[in-house]
Amino acid sequence: MGHVEMTSRCWYAEDLRLQAPIRRNMAIVEAFAAVARERFLGPGPWRILSDRRLDDYFHTPNDDPRWIYHDVLVAIDHTRGLNNGLPSFWAGNLDHLDLKRDQRVMQVGAGTGYYAAVLAEIVGPNGHVIAIECDGELAARARINLGPWRQVDVVHGDGRTHDPGEVDVIIVFAGSTHPAPLWLDRLAPGGQLLMPLTGDSRFGFLLRATRCRDYDAESIVPPEARDRNRFDAISIGSVGIFPCIGGRDDEAAKRRSGFKTCSMSCTVVLTSRKSRLRLYIEAIPARR
């Protein structure tokens, strides 16, 4: 790795710290500085998009990696509108989670693996990242790209039905009208789910749900706070994103149709797998 490339990557990571912004977890900045983005994008030149001109790809004049060390989207498959996501957006989202070393993380929608590598750097060599990708070609590329990160397992499959076992964090990189029941079931006590909750269009808001922690017998907390089926949920901002295959429900989509953001928080108490999905959807009112 050349000095110029390393300098560009460090500048990029520090710029994300300001653009996102990253306020809580500086391990995120270090992770973006550690991962070579070009490894996951295929050979240059590249098609890139600014978040100010999402309808107009810019073709880089050459394959100098410095072009992609800016806060831009980079096309993975421009014919499908599929891009390597905006770095400041995902850096800011990760900062809303309590990511730590040695955690078990499931990523739904791994693409070619870039953000799985960032997560792997955050959780460290003793952590574990399960990166799910439903597109076989993308999953194969991700598996090759992520070779140096032994703590990452790439799975070609449906992220809504793949059972990862108990995990500390689930991050979904595609939009759904509702969370998969399995995501809620597999969160450890105190675990967190971050997902884009979207309607008929690609627009909606980012939902962060945190499962009730385990308390010892001497802790003074109300009985309802000890319920492992309790989730505290909050919107952390608006989103427009590629849809999650299998993550659409017509009734839920209609109720979310027309809103692009939602500022709210709520507590969801769930008592059974059957009622979980219904109660979760109804706990978050649509806003127009």
# chains A, B, ... in the order shown; residues from 1 in each chain; ligands from 1
$ closest_atom_pairs --of "segment 137-219 of chain A" --to "segment 100-114 of chain A" --cutoff "9 Å" --atoms "only C-alpha atoms" --output "tab-separated table"
residue	atom	partner	partner_atom	distance
A:Glu137	CA	A:Thr112	CA	9.0
A:Leu138	CA	A:Thr112	CA	5.4
A:Ala139	CA	A:Thr112	CA	6.6
A:Ala140	CA	A:Thr112	CA	8.1
A:Arg141	CA	A:Thr112	CA	5.6
A:Ala142	CA	A:Thr112	CA	4.2
A:Arg143	CA	A:Gly113	CA	7.6
A:Ile144	CA	A:Thr112	CA	9.0
A:Asn145	CA	A:Gly113	CA	6.7
A:Leu146	CA	A:Gly113	CA	6.5
A:Val154	CA	A:Ala110	CA	8.2
A:Asp158	CA	A:Val108	CA	8.4
A:Gly159	CA	A:Val108	CA	5.2
A:Arg160	CA	A:Val108	CA	7.9
A:Pro164	CA	A:Met106	CA	7.3
A:Glu166	CA	A:Arg104	CA	8.0
A:Val167	CA	A:Arg104	CA	5.0
A:Asp168	CA	A:Arg104	CA	5.3
A:Val169	CA	A:Val105	CA	4.8
A:Ile170	CA	A:Met106	CA	4.8
A:Ile171	CA	A:Gln107	CA	4.9
A:Val172	CA	A:Val108	CA	4.6
A:Phe173	CA	A:Gly109	CA	5.0
A:Ala174	CA	A:Gly109	CA	6.3
$ residues_around --residues "Thr210 of chain A" --least-positions-apart "6" --cutoff "6 Å" --atoms "only C-alpha atoms" --output "list in words"
Gly191, Gln192, Phe231 and Asp232 of chain A
$ atom_distance --atom1 "atom CA of Asp64 of chain A" --atom2 "atom CA of Trp46 of chain A"
9.6 Å
$ atom_distance --atom1 "atom CA of Ser176 of chain A" --atom2 "atom CA of Pro196 of chain A"
6.4 Å
$ select_by_dssp --residues "segment 80-241 of chain A" --states "strand (DSSP E or B)" --output "ChimeraX atom specification"
/A:82-84,104-108,128-133,152-156,167-172,175-176,187-198,203-211,230-240
$ write_last_selection --atoms "C-alpha atoms" --output "compact mmCIF listing (two decimals), in the first residue's frame"
# COMPACT_ATOMS: atom_id res chain seq x y z
CA LEU A 82 -27.31 -0.74 -7.03
CA ASN A 83 -24.48 1.17 -5.38
CA ASN A 84 -21.89 0.85 -2.67
CA ARG A 104 -21.45 -11.00 17.06
CA VAL A 105 -22.98 -8.99 14.22
CA MET A 106 -25.30 -10.01 11.37
CA GLN A 107 -25.39 -7.84 8.26
CA VAL A 108 -28.32 -8.29 5.89
CA HIS A 128 -17.84 -12.45 14.34
CA VAL A 129 -19.63 -10.92 11.36
CA ILE A 130 -22.24 -12.91 9.43
CA ALA A 131 -22.72 -11.18 6.07
CA ILE A 132 -25.87 -12.30 4.21
CA GLU A 133 -26.36 -11.59 0.51
CA VAL A 152 -16.43 -12.81 8.55
CA ASP A 153 -18.68 -15.55 7.21
CA VAL A 154 -20.41 -14.75 3.92
CA VAL A 155 -23.74 -16.52 3.41
CA HIS A 156 -25.59 -16.65 0.10
CA VAL A 167 -26.23 -12.09 17.95
CA ASP A 168 -25.55 -8.73 19.56
CA VAL A 169 -26.33 -6.52 16.58
CA ILE A 170 -28.31 -6.87 13.34
CA ILE A 171 -27.85 -4.25 10.63
CA VAL A 172 -30.05 -4.34 7.54
CA GLY A 175 -35.59 -1.52 3.02
CA SER A 176 -38.51 -3.56 4.39
CA LEU A 187 -31.10 -10.56 19.45
CA ALA A 188 -29.24 -11.13 22.71
CA PRO A 189 -30.37 -9.22 25.83
CA GLY A 190 -29.43 -5.60 25.20
CA GLY A 191 -28.96 -6.40 21.50
CA GLN A 192 -29.82 -3.89 18.79
CA LEU A 193 -31.53 -4.00 15.40
CA LEU A 194 -31.01 -1.23 12.86
CA MET A 195 -33.16 -1.39 9.73
CA PRO A 196 -34.70 0.89 7.08
CA LEU A 197 -38.49 0.81 7.45
CA THR A 198 -39.84 1.78 4.02
CA PHE A 203 -38.27 5.97 1.16
CA GLY A 204 -38.92 5.71 4.87
CA PHE A 205 -36.99 5.97 8.11
CA LEU A 206 -34.30 4.13 10.01
CA LEU A 207 -35.55 2.15 12.97
CA ARG A 208 -33.31 1.25 15.89
CA ALA A 209 -34.77 -1.30 18.30
CA THR A 210 -33.01 -2.37 21.50
CA ARG A 211 -33.95 -5.51 23.39
CA ARG A 230 -39.64 -5.74 25.37
CA PHE A 231 -37.95 -3.58 22.71
CA ASP A 232 -37.33 0.16 22.94
CA ALA A 233 -37.61 1.58 19.43
CA ILE A 234 -36.66 4.94 17.96
CA SER A 235 -36.34 6.56 14.53
CA ILE A 236 -32.85 7.92 13.86
CA GLY A 237 -33.59 9.64 10.55
CA SER A 238 -34.90 9.39 7.01
CA VAL A 239 -33.72 6.98 4.32
CA GLY A 240 -34.10 6.13 0.65
$ closest_residue --among "A:Thr7, A:Gln19, A:Thr161, A:Asn62" --to "Arg186 of chain A" --atoms "only C-alpha atoms"
A:Thr161
